[in-house]
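Right, one structure below, let's go through it.
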Number of protein chains: 2
Amino acid sequence: MLSASSAAATGVLVSSVSFAEPATAPPQTAHQYEIFELTLEGPSTGNPYVDQHLEAVFTLGSRSVNVEGFYDGSTTYKIRFMPDTPGDWSYTATSSFASPQKGAVACQPARAGVHGPIRVANQHHFAHADGTPYHPFGTTCYAWTHQGDALELQTLASLKTGPFNKIRMCIFPKSYQYNRAEPVYYPFQRPAGTPLTAPGDITRFDPAFWKHLEERIAQLRDLNIEADLILFHPYDRWGFASMPHEADERYLRYLIARLSAYSNVWWSLANEFDLMRAKTTADFTRLLHLTQQYDPYQHMRSIHYSRYMYDYASPAVTHASIQTYDFASAPAWLAAWKKPIVYDEIQYEGNIFSRWGNLSPDEMTRRFWLGVINGCYVTHGETFIDPKLSAEEAETQKLWWSHGGTLKGASPARIAFLRKVLETTTPLGLEPPENPYYLNAVSRVLPSPPNSVTYTPSDPPAAILYYLDFHQPERVNIVFSPNTTYTAELIDPWNMTITPIPGTFSGRANIKLAVKPYQALRLKRIMKS
Amino acid sequence: MLSASSAAATGVLVSSVSFAEPATAPPQTAHQYEIFELTLEGPSTGNPYVDQHLEAVFTLGSRSVNVEGFYDGSTTYKIRFMPDTPGDWSYTATSSFASPQKGAVACQPARAGVHGPIRVANQHHFAHADGTPYHPFGTTCYAWTHQGDALELQTLASLKTGPFNKIRMCIFPKSYQYNRAEPVYYPFQRPAGTPLTAPGDITRFDPAFWKHLEERIAQLRDLNIEADLILFHPYDRWGFASMPHEADERYLRYLIARLSAYSNVWWSLANEFDLMRAKTTADFTRLLHLTQQYDPYQHMRSIHYSRYMYDYASPAVTHASIQTYDFASAPAWLAAWKKPIVYDEIQYEGNIFSRWGNLSPDEMTRRFWLGVINGCYVTHGETFIDPKLSAEEAETQKLWWSHGGTLKGASPARIAFLRKVLETTTPLGLEPPENPYYLNAVSRVLPSPPNSVTYTPSDPPAAILYYLDFHQPERVNIVFSPNTTYTAELIDPWNMTITPIPGTFSGRANIKLAVKPYQALRLKRIMKS
């Protein structure tokens, strides 16, 4: 038995048509960048997770895409496919338990508002597959899908009104300070008597866990939020961080089979991989290469460290996912790695004792500006506890950084403002300062379409954005390219105001500023002869 | 003819007794750490600056100190000596123009308030020769002695009420932006017809220049301000930066002969030595070694760079004089160099366009705290212009950083407050954090007298000072050494308040803080069983 369905934007399967094997299935329809799903019936005896295998080849013209399927419990097997091109695709599904099945699927162009997965664009930046610019302004809720429906729905409501379009989240549950509760779902089945500190039967996945996770990923997708999935992490008391190699690989292939057809997933191979004592850097490189090998869509792929940087020049990663607040090094790293940089951990706004969790909102805002002005992207996190509680009581508090819930800080509004500033300055992303002497003080916008990163006086920037940090000059002196004229705006990142400076500027210009720190200046070209 | 005098604390010679040569001079008196001066008459023909030589050996018991003398114009030659030990010194003065002269000087103990020159104390810190702790809180007025009496006296008045106890100042005049005027005095004589761009006769010093400089150094001394004299610098249009080696050496010996008996001089061989194209690093090492060789008192001796650090591990320098605002590296540098570090240029509070001259007062205050908390010292500077002036008009403004005058910024009051906090926390200076994870967040005070830098649980610190920078924890958790009890105070570096936190703390303690960035916490041990 084989059935096919096309997942709507809500992630719910809307149609399922059965047909007799070994007949060819009647033509189906799908939409570009959405999930087309085949359902097969097969054996439930033995251990289908390891005994059985299924996959399909989808073909459009001379192009073929191979996708692996997965066992979903009972007698259900599934193959998911995300077509990236409209047209009449054909497929052949093969399995260890049935004869090959052929079918056809007519893929319609993307529906309004659907832009497809993220790609690297313009060397240091990102865009959706359809070319729509994408500037990641992420947040962090590591264990939000392990908190139960009430809190998880609250998190989604917070995300809906927040400024964030990417979220870092762990697949495995988390054991850490403030994270002592058991999760609602476990990734593997837990036979009766499994101790709390064991991973369960690591040869048998638990479909309930994965269906729940998929629902959350789909909900994020419908909010236009990328799910930056953390596949391994060190905050563990169940043994998920120290499984044998073959279990890691089985887990990796299973999750790619289940999740890669979701347009909004990213693969973060690990959080703080260098803190995972049971694995070496070479192990992670192997896992990155396996991800690269099995993912039909080449979703964004990186790995996050604590102290010892991964080799981000490696083709194994699509972008750097760094933990530091050294923004001065960004131009050199961009030049060396030739790929985008996301400052995925710059500490968190909050008030907890731990040094990484008590940044002021001003400092969080400042770090976002420093990252963006240096041609990179930055990820938010928040760790507030109620100061009236004792240390013991505080341990059970829900903190956005891990549990989700509601946002309490003052930085998200400023991050929303910065996102608006960036989006209205350039669709393409900022390039870092050319002159390291002016590091952090000037960033110029790409003046021409993607793949151009060269500036010459004859190719003046369309816009220039300065962030003045703790500097407070009473004026800036700028020598503009010949025959260009610019307007100027003074931007207050904290008070979220954009104030036009009267007049236009060209040639050798003095622009007066407020003698006040933490201001920004935006110049836009209005004329080029 | 030989005469002797003892310079009073005002720097004015109070007595001068002549006696016939080759007789032994009648016994004279001097005071510890003050100037004892012998005046000789000699030839004025030829070029006495290069033709003649004079020196003296001062002896107390088995100890001898050699000092060179100098020609002071007309028929006057002088030998200056600063006795560091009370007692009955004897001396023999020899010269190229007269037979040896012998004499005796009874050195009285230091007068009240006179503590002698600065020495390195306790490895990373400083103290006066008599052991009085000295924490440098310096400022910068590079060319203040070249501005004419009116402005120079205003500078002295500003210094008198300010928080600064060290000043960085150039011996040579300065040519740079905002510094286009000719100086009042030149170090060398300028025969008629000397072009404005020439140094004059570099074989003949101009006594008027040196007497003026000495007066200013003495005035600083009487304000308890160390004169951190910059002997060479690159901001030059007269040729002082590119004299031949023999002229550099003659200049160095002449200034040591004239100035080293002033207790408050420091030798900064250069400002931004790496920007001086006519000299190599080896040239400066040679000049440092010559300074080390000729200075009888071993005043503080260093060299300041722009981009390329001098080798501060070298015994040629007594301390590091660095230009950076990288405070995170301080503990490693202190450990490697095993000497004090002064952050002598961390940019300036101000509003000029140049990036180095427009820090907010908040950021200047923050940098002082970061330097001090990391066991180092920091130097202030200020560059404010009137924003109502045009760029051309601003070029003739007087800026504290170079000309002196009056202080306009908001940071000096906060620097005064920090100095008070440090002085009331420890007479000995702070040691950097032991655990680099807590870098910038915790600094412990030496619990015992100089030369002890070891902490053990059985040797708990007498005080602990935290600076929280942009962190805002609602509490800190501290585990105190067994059998110790501490008081706690919350310090606001900007509002300059010290607020006791009720109670005492011992064992495993939680101390509640304000959820507010840029606060400090001071703990003082009140009991140790």
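Chain identifiers are assigned as A, B, and so on, following the order in which chains appear in the structure tokens; residues are numbered from 1 within each chain, and ligands are numbered from 1 in order of appearance.
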Determine, using only C-alpha atoms, which residues of chain A have any atom at most 6 Å from an atom of chain B, and tabulate each with its shortest atom pair and distance in Å to one decimal place, rows ordered by chain and then rising number, as a tab-separated table.
residue	atom	partner	partner_atom	distance
A:Asn351	CA	B:Pro473	CA	4.2
A:Ile352	CA	B:Pro473	CA	5.0
A:Phe353	CA	B:Pro473	CA	4.9
A:Asn358	CA	B:His471	CA	5.1
A:Leu359	CA	B:His471	CA	4.6
A:Ser360	CA	B:Phe470	CA	5.8
A:Pro387	CA	B:Glu474	CA	5.9
A:Phe470	CA	B:Ser360	CA	5.8
A:His471	CA	B:Leu359	CA	4.6
A:Gln472	CA	B:Asn358	CA	5.1
A:Pro473	CA	B:Asn351	CA	4.2
A:Glu474	CA	B:Asn351	CA	5.2
A:Arg475	CA	B:Phe353	CA	5.9
A:Val476	CA	B:Phe353	CA	5.6
A:Pro517	CA	B:Ser360	CA	5.9
Backbone DSSP call of strand (DSSP E) for range 49-264 of chain B, listed as a ChimeraX atom specification: /B:54-60,63-71,76-81,87-95,101-108,118-121,125-128,133-134,137-140,166-170,188-189,201-205,226-232
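Within the 9 Å cut-off around Val50 in chain A, using only C-alpha atoms and omitting residues fewer than 3 positions from it on the same chain, the listed residues are Gly46, Asn47, His53, Thr203, Arg204 and Arg250 of chain A.
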All residues 8 Å or closer to Ser44 in chain B, only C-alpha atoms, same chain fewer than 3 positions away omitted, as a PyMOL selection string: chain B and resi 47-48+73-75
Now that the selection is made, can you save its residues with N, CA, C and O atoms as a PDB file, in the first residue's frame?
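Wrote result01.pdb, looks like this:
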ATOM      1  N   ASN B  47      82.901  75.709  22.621  1.00  0.00           N
ATOM      2  CA  ASN B  47      81.531  75.215  22.863  1.00  0.00           C
ATOM      3  C   ASN B  47      81.554  74.355  24.114  1.00  0.00           C
ATOM      4  O   ASN B  47      81.816  73.155  24.048  1.00  0.00           O
ATOM      5  N   PRO B  48      81.314  74.989  25.268  1.00  0.00           N
ATOM      6  CA  PRO B  48      81.429  74.245  26.537  1.00  0.00           C
ATOM      7  C   PRO B  48      80.518  73.014  26.581  1.00  0.00           C
ATOM      8  O   PRO B  48      80.802  72.072  27.311  1.00  0.00           O
ATOM      9  N   GLY B  73      75.404  77.803  30.647  1.00  0.00           N
ATOM     10  CA  GLY B  73      75.534  79.096  29.983  1.00  0.00           C
ATOM     11  C   GLY B  73      76.487  80.016  30.732  1.00  0.00           C
ATOM     12  O   GLY B  73      76.816  79.785  31.897  1.00  0.00           O
ATOM     13  N   SER B  74      76.977  81.060  30.029  1.00  0.00           N
ATOM     14  CA  SER B  74      77.914  82.028  30.601  1.00  0.00           C
ATOM     15  C   SER B  74      79.114  81.260  31.177  1.00  0.00           C
ATOM     16  O   SER B  74      79.669  80.395  30.494  1.00  0.00           O
ATOM     17  N   THR B  75      79.459  81.493  32.432  1.00  0.00           N
ATOM     18  CA  THR B  75      80.581  80.773  33.034  1.00  0.00           C
ATOM     19  C   THR B  75      80.086  79.764  34.071  1.00  0.00           C
ATOM     20  O   THR B  75      80.834  79.317  34.937  1.00  0.00           O
TER      21      THR B  75
END
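CA of Ile322 in chain B is positioned 12.6 Å from CA of Lys339 in chain B.
With only C-alpha atoms as the atoms that count, the residue of B:Ala488, B:Ala520, B:Ala416, B:Ala143 with the shortest distance to Asn179 in chain B is B:Ala143.
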What is the distance, in Å and to one decimal place, between CA of Trp400 in chain A and CA of Asn264 in chain A? 21.2 Å
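If only C-alpha atoms are the atoms counted, then among B:Thr424, B:Asn224, B:Gln519, B:Ser481 the closest residue to Pro493 in chain B is B:Gln519.
Near Arg286 in chain B, within 12 Å and counting only C-alpha atoms, sit B:His245, B:Glu246, B:Asp248, B:Glu249, B:Leu252, B:Leu269, B:Lys279, B:Thr280, B:Gln292, B:Gln293, B:Ala316, B:Val317; same-chain residues fewer than 6 positions away were not included.
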Report the distance between CA of Phe480 in chain A and CA of Gly507 in chain A in Å, rounded to one decimal place. 5.0 Å
Name the residues in contact with range 299-308 of chain B at a cut-off of 7 Å, using only C-alpha atoms, excluding same-chain residues fewer than 5 positions from it; report them as a PDB file with all heavy atoms, in the first residue's frame.
ATOM      1  N   PRO B 117      61.443  59.520  45.078  1.00  0.00           N
ATOM      2  CA  PRO B 117      61.058  59.057  43.747  1.00  0.00           C
ATOM      3  C   PRO B 117      60.278  57.747  43.809  1.00  0.00           C
ATOM      4  O   PRO B 117      60.245  57.064  44.826  1.00  0.00           O
ATOM      5  CB  PRO B 117      62.399  58.871  43.036  1.00  0.00           C
ATOM      6  CG  PRO B 117      63.402  58.703  44.124  1.00  0.00           C
ATOM      7  CD  PRO B 117      62.895  59.502  45.285  1.00  0.00           C
ATOM      8  N   ILE B 118      59.643  57.418  42.676  1.00  0.00           N
ATOM      9  CA  ILE B 118      58.818  56.216  42.577  1.00  0.00           C
ATOM     10  C   ILE B 118      59.692  55.016  42.234  1.00  0.00           C
ATOM     11  O   ILE B 118      60.623  55.099  41.440  1.00  0.00           O
ATOM     12  CB  ILE B 118      57.739  56.410  41.489  1.00  0.00           C
ATOM     13  CG1 ILE B 118      56.880  57.642  41.799  1.00  0.00           C
ATOM     14  CG2 ILE B 118      56.878  55.160  41.352  1.00  0.00           C
ATOM     15  CD1 ILE B 118      56.180  57.593  43.130  1.00  0.00           C
ATOM     16  N   ARG B 119      59.361  53.916  42.855  1.00  0.00           N
ATOM     17  CA  ARG B 119      60.010  52.632  42.598  1.00  0.00           C
ATOM     18  C   ARG B 119      58.944  51.600  42.268  1.00  0.00           C
ATOM     19  O   ARG B 119      57.782  51.778  42.653  1.00  0.00           O
ATOM     20  CB  ARG B 119      60.746  52.139  43.870  1.00  0.00           C
ATOM     21  CG  ARG B 119      61.729  53.115  44.450  1.00  0.00           C
ATOM     22  CD  ARG B 119      62.983  53.105  43.614  1.00  0.00           C
ATOM     23  NE  ARG B 119      63.951  54.091  44.060  1.00  0.00           N
ATOM     24  CZ  ARG B 119      64.404  55.068  43.258  1.00  0.00           C
ATOM     25  NH1 ARG B 119      63.940  55.201  42.022  1.00  0.00           N
ATOM     26  NH2 ARG B 119      65.320  55.907  43.689  1.00  0.00           N
ATOM     27  N   VAL B 265      60.652  62.870  38.335  1.00  0.00           N
ATOM     28  CA  VAL B 265      60.720  62.598  36.900  1.00  0.00           C
ATOM     29  C   VAL B 265      60.662  61.097  36.617  1.00  0.00           C
ATOM     30  O   VAL B 265      61.136  60.265  37.387  1.00  0.00           O
ATOM     31  CB  VAL B 265      61.977  63.205  36.227  1.00  0.00           C
ATOM     32  CG1 VAL B 265      61.954  64.720  36.352  1.00  0.00           C
ATOM     33  CG2 VAL B 265      63.261  62.615  36.789  1.00  0.00           C
ATOM     34  N   TRP B 266      59.993  60.767  35.507  1.00  0.00           N
ATOM     35  CA  TRP B 266      60.017  59.433  34.896  1.00  0.00           C
ATOM     36  C   TRP B 266      60.555  59.624  33.483  1.00  0.00           C
ATOM     37  O   TRP B 266      60.370  60.664  32.866  1.00  0.00           O
ATOM     38  CB  TRP B 266      58.611  58.827  34.781  1.00  0.00           C
ATOM     39  CG  TRP B 266      57.892  58.536  36.062  1.00  0.00           C
ATOM     40  CD1 TRP B 266      58.012  59.178  37.261  1.00  0.00           C
ATOM     41  CD2 TRP B 266      56.886  57.536  36.243  1.00  0.00           C
ATOM     42  NE1 TRP B 266      57.150  58.637  38.186  1.00  0.00           N
ATOM     43  CE2 TRP B 266      56.433  57.626  37.579  1.00  0.00           C
ATOM     44  CE3 TRP B 266      56.308  56.573  35.412  1.00  0.00           C
ATOM     45  CZ2 TRP B 266      55.455  56.788  38.110  1.00  0.00           C
ATOM     46  CZ3 TRP B 266      55.324  55.751  35.927  1.00  0.00           C
ATOM     47  CH2 TRP B 266      54.909  55.847  37.265  1.00  0.00           C
ATOM     48  N   TRP B 267      61.189  58.605  32.967  1.00  0.00           N
ATOM     49  CA  TRP B 267      61.693  58.655  31.590  1.00  0.00           C
ATOM     50  C   TRP B 267      60.802  57.796  30.689  1.00  0.00           C
ATOM     51  O   TRP B 267      60.772  56.578  30.837  1.00  0.00           O
ATOM     52  CB  TRP B 267      63.126  58.131  31.494  1.00  0.00           C
ATOM     53  CG  TRP B 267      64.089  58.622  32.540  1.00  0.00           C
ATOM     54  CD1 TRP B 267      64.799  57.860  33.409  1.00  0.00           C
ATOM     55  CD2 TRP B 267      64.486  59.979  32.786  1.00  0.00           C
ATOM     56  NE1 TRP B 267      65.608  58.635  34.204  1.00  0.00           N
ATOM     57  CE2 TRP B 267      65.429  59.951  33.840  1.00  0.00           C
ATOM     58  CE3 TRP B 267      64.139  61.220  32.243  1.00  0.00           C
ATOM     59  CZ2 TRP B 267      66.033  61.104  34.356  1.00  0.00           C
ATOM     60  CZ3 TRP B 267      64.744  62.372  32.751  1.00  0.00           C
ATOM     61  CH2 TRP B 267      65.671  62.308  33.795  1.00  0.00           C
ATOM     62  N   SER B 268      60.102  58.459  29.795  1.00  0.00           N
ATOM     63  CA  SER B 268      59.389  57.722  28.757  1.00  0.00           C
ATOM     64  C   SER B 268      60.191  57.962  27.483  1.00  0.00           C
ATOM     65  O   SER B 268      60.165  59.050  26.910  1.00  0.00           O
ATOM     66  CB  SER B 268      57.960  58.252  28.606  1.00  0.00           C
ATOM     67  OG  SER B 268      57.271  57.497  27.638  1.00  0.00           O
ATOM     68  N   LEU B 269      60.956  56.962  27.072  1.00  0.00           N
ATOM     69  CA  LEU B 269      61.930  57.194  26.003  1.00  0.00           C
ATOM     70  C   LEU B 269      61.284  57.765  24.760  1.00  0.00           C
ATOM     71  O   LEU B 269      61.889  58.560  24.042  1.00  0.00           O
ATOM     72  CB  LEU B 269      62.708  55.914  25.669  1.00  0.00           C
ATOM     73  CG  LEU B 269      64.104  55.858  26.254  1.00  0.00           C
ATOM     74  CD1 LEU B 269      65.062  56.831  25.553  1.00  0.00           C
ATOM     75  CD2 LEU B 269      64.079  56.165  27.749  1.00  0.00           C
ATOM     76  N   ALA B 270      60.051  57.362  24.502  1.00  0.00           N
ATOM     77  CA  ALA B 270      59.359  57.913  23.334  1.00  0.00           C
ATOM     78  C   ALA B 270      57.866  57.750  23.505  1.00  0.00           C
ATOM     79  O   ALA B 270      57.400  56.892  24.247  1.00  0.00           O
ATOM     80  CB  ALA B 270      59.801  57.219  22.052  1.00  0.00           C
ATOM     81  N   ASN B 271      57.134  58.586  22.781  1.00  0.00           N
ATOM     82  CA  ASN B 271      55.722  58.340  22.551  1.00  0.00           C
ATOM     83  C   ASN B 271      55.634  57.731  21.160  1.00  0.00           C
ATOM     84  O   ASN B 271      56.246  58.234  20.213  1.00  0.00           O
ATOM     85  CB  ASN B 271      54.937  59.644  22.604  1.00  0.00           C
ATOM     86  CG  ASN B 271      53.548  59.436  23.165  1.00  0.00           C
ATOM     87  OD1 ASN B 271      53.417  58.788  24.202  1.00  0.00           O
ATOM     88  ND2 ASN B 271      52.541  59.967  22.507  1.00  0.00           N
ATOM     89  N   GLU B 272      54.889  56.645  21.021  1.00  0.00           N
ATOM     90  CA  GLU B 272      54.682  56.025  19.705  1.00  0.00           C
ATOM     91  C   GLU B 272      56.009  55.869  18.956  1.00  0.00           C
ATOM     92  O   GLU B 272      56.166  56.335  17.821  1.00  0.00           O
ATOM     93  CB  GLU B 272      53.657  56.848  18.921  1.00  0.00           C
ATOM     94  CG  GLU B 272      52.333  56.931  19.688  1.00  0.00           C
ATOM     95  CD  GLU B 272      51.163  57.458  18.885  1.00  0.00           C
ATOM     96  OE1 GLU B 272      51.341  58.454  18.177  1.00  0.00           O
ATOM     97  OE2 GLU B 272      50.067  56.854  18.960  1.00  0.00           O
ATOM     98  N   PHE B 273      56.964  55.192  19.624  1.00  0.00           N
ATOM     99  CA  PHE B 273      58.305  55.051  19.036  1.00  0.00           C
ATOM    100  C   PHE B 273      58.251  54.427  17.647  1.00  0.00           C
ATOM    101  O   PHE B 273      59.085  54.727  16.784  1.00  0.00           O
ATOM    102  CB  PHE B 273      59.201  54.210  19.968  1.00  0.00           C
ATOM    103  CG  PHE B 273      59.003  52.715  19.848  1.00  0.00           C
ATOM    104  CD1 PHE B 273      59.786  51.959  18.979  1.00  0.00           C
ATOM    105  CD2 PHE B 273      58.032  52.061  20.591  1.00  0.00           C
ATOM    106  CE1 PHE B 273      59.616  50.589  18.866  1.00  0.00           C
ATOM    107  CE2 PHE B 273      57.847  50.692  20.485  1.00  0.00           C
ATOM    108  CZ  PHE B 273      58.626  49.950  19.621  1.00  0.00           C
ATOM    109  N   ASP B 274      57.256  53.550  17.434  1.00  0.00           N
ATOM    110  CA  ASP B 274      57.194  52.833  16.160  1.00  0.00           C
ATOM    111  C   ASP B 274      56.718  53.718  15.013  1.00  0.00           C
ATOM    112  O   ASP B 274      56.720  53.288  13.853  1.00  0.00           O
ATOM    113  CB  ASP B 274      56.308  51.588  16.300  1.00  0.00           C
ATOM    114  CG  ASP B 274      54.979  51.861  16.985  1.00  0.00           C
ATOM    115  OD1 ASP B 274      54.906  52.786  17.812  1.00  0.00           O
ATOM    116  OD2 ASP B 274      54.008  51.152  16.691  1.00  0.00           O
ATOM    117  N   LEU B 275      56.312  54.946  15.317  1.00  0.00           N
ATOM    118  CA  LEU B 275      55.968  55.889  14.240  1.00  0.00           C
ATOM    119  C   LEU B 275      57.155  56.789  13.885  1.00  0.00           C
ATOM    120  O   LEU B 275      57.037  57.634  13.004  1.00  0.00           O
ATOM    121  CB  LEU B 275      54.782  56.765  14.659  1.00  0.00           C
ATOM    122  CG  LEU B 275      53.485  56.035  15.029  1.00  0.00           C
ATOM    123  CD1 LEU B 275      52.365  57.046  15.245  1.00  0.00           C
ATOM    124  CD2 LEU B 275      53.093  55.031  13.943  1.00  0.00           C
ATOM    125  N   VAL B 317      63.277  48.233  30.661  1.00  0.00           N
ATOM    126  CA  VAL B 317      62.137  49.034  31.127  1.00  0.00           C
ATOM    127  C   VAL B 317      61.691  48.562  32.508  1.00  0.00           C
ATOM    128  O   VAL B 317      61.752  47.372  32.820  1.00  0.00           O
ATOM    129  CB  VAL B 317      60.940  48.977  30.141  1.00  0.00           C
ATOM    130  CG1 VAL B 317      61.319  49.595  28.801  1.00  0.00           C
ATOM    131  CG2 VAL B 317      60.442  47.552  29.937  1.00  0.00           C
ATOM    132  N   THR B 318      61.269  49.531  33.318  1.00  0.00           N
ATOM    133  CA  THR B 318      60.829  49.208  34.681  1.00  0.00           C
ATOM    134  C   THR B 318      59.354  48.842  34.738  1.00  0.00           C
ATOM    135  O   THR B 318      58.895  48.224  35.689  1.00  0.00           O
ATOM    136  CB  THR B 318      61.037  50.420  35.606  1.00  0.00           C
ATOM    137  OG1 THR B 318      60.354  51.548  35.031  1.00  0.00           O
ATOM    138  CG2 THR B 318      62.519  50.736  35.755  1.00  0.00           C
ATOM    139  N   HIS B 319      58.610  49.287  33.709  1.00  0.00           N
ATOM    140  CA  HIS B 319      57.171  49.022  33.669  1.00  0.00           C
ATOM    141  C   HIS B 319      56.740  49.103  32.208  1.00  0.00           C
ATOM    142  O   HIS B 319      57.457  49.633  31.365  1.00  0.00           O
ATOM    143  CB  HIS B 319      56.408  50.029  34.531  1.00  0.00           C
ATOM    144  CG  HIS B 319      56.511  51.447  34.035  1.00  0.00           C
ATOM    145  ND1 HIS B 319      57.671  52.193  34.142  1.00  0.00           N
ATOM    146  CD2 HIS B 319      55.625  52.249  33.397  1.00  0.00           C
ATOM    147  CE1 HIS B 319      57.482  53.387  33.604  1.00  0.00           C
ATOM    148  NE2 HIS B 319      56.249  53.450  33.135  1.00  0.00           N
ATOM    149  N   ALA B 320      55.568  48.587  31.930  1.00  0.00           N
ATOM    150  CA  ALA B 320      55.018  48.665  30.580  1.00  0.00           C
ATOM    151  C   ALA B 320      54.166  49.922  30.463  1.00  0.00           C
ATOM    152  O   ALA B 320      53.422  50.263  31.375  1.00  0.00           O
ATOM    153  CB  ALA B 320      54.176  47.431  30.271  1.00  0.00           C
ATOM    154  N   SER B 321      54.316  50.603  29.331  1.00  0.00           N
ATOM    155  CA  SER B 321      53.567  51.837  29.066  1.00  0.00           C
ATOM    156  C   SER B 321      52.837  51.610  27.751  1.00  0.00           C
ATOM    157  O   SER B 321      53.364  51.846  26.677  1.00  0.00           O
ATOM    158  CB  SER B 321      54.565  52.998  28.965  1.00  0.00           C
ATOM    159  OG  SER B 321      53.952  54.152  28.440  1.00  0.00           O
ATOM    160  N   ILE B 322      51.606  51.093  27.872  1.00  0.00           N
ATOM    161  CA  ILE B 322      50.984  50.518  26.677  1.00  0.00           C
ATOM    162  C   ILE B 322      49.888  51.394  26.102  1.00  0.00           C
ATOM    163  O   ILE B 322      49.322  52.253  26.780  1.00  0.00           O
ATOM    164  CB  ILE B 322      50.465  49.081  26.954  1.00  0.00           C
ATOM    165  CG1 ILE B 322      49.363  49.065  27.995  1.00  0.00           C
ATOM    166  CG2 ILE B 322      51.612  48.192  27.393  1.00  0.00           C
ATOM    167  CD1 ILE B 322      48.804  47.655  28.255  1.00  0.00           C
ATOM    168  N   GLN B 323      49.619  51.179  24.826  1.00  0.00           N
ATOM    169  CA  GLN B 323      48.532  51.873  24.125  1.00  0.00           C
ATOM    170  C   GLN B 323      47.563  50.816  23.590  1.00  0.00           C
ATOM    171  O   GLN B 323      47.789  50.196  22.562  1.00  0.00           O
ATOM    172  CB  GLN B 323      49.073  52.693  22.949  1.00  0.00           C
ATOM    173  CG  GLN B 323      47.947  53.301  22.129  1.00  0.00           C
ATOM    174  CD  GLN B 323      48.380  54.418  21.180  1.00  0.00           C
ATOM    175  OE1 GLN B 323      47.553  54.977  20.499  1.00  0.00           O
ATOM    176  NE2 GLN B 323      49.650  54.754  21.149  1.00  0.00           N
TER     177      GLN B 323
END
Excluding Tyr71 in chain A and its own-chain neighbours fewer than 2 positions away, which residues fall within 12 Å of it when counting only C-alpha atoms? Please give them as JSON, numbers by chain. {"A": [38, 39, 40, 41, 42, 43, 44, 45, 47, 48, 49, 50, 51, 52, 53, 54, 55, 68, 69, 73, 74, 75, 76, 77, 78, 79, 80, 95, 96, 97, 204, 205, 206, 207, 210, 253, 254, 255, 257, 258]}
DSSP says alpha helix (DSSP H) for which residues of range 23-85 of chain A? Put them as a PyMOL selection string? chain A and resi 48-51
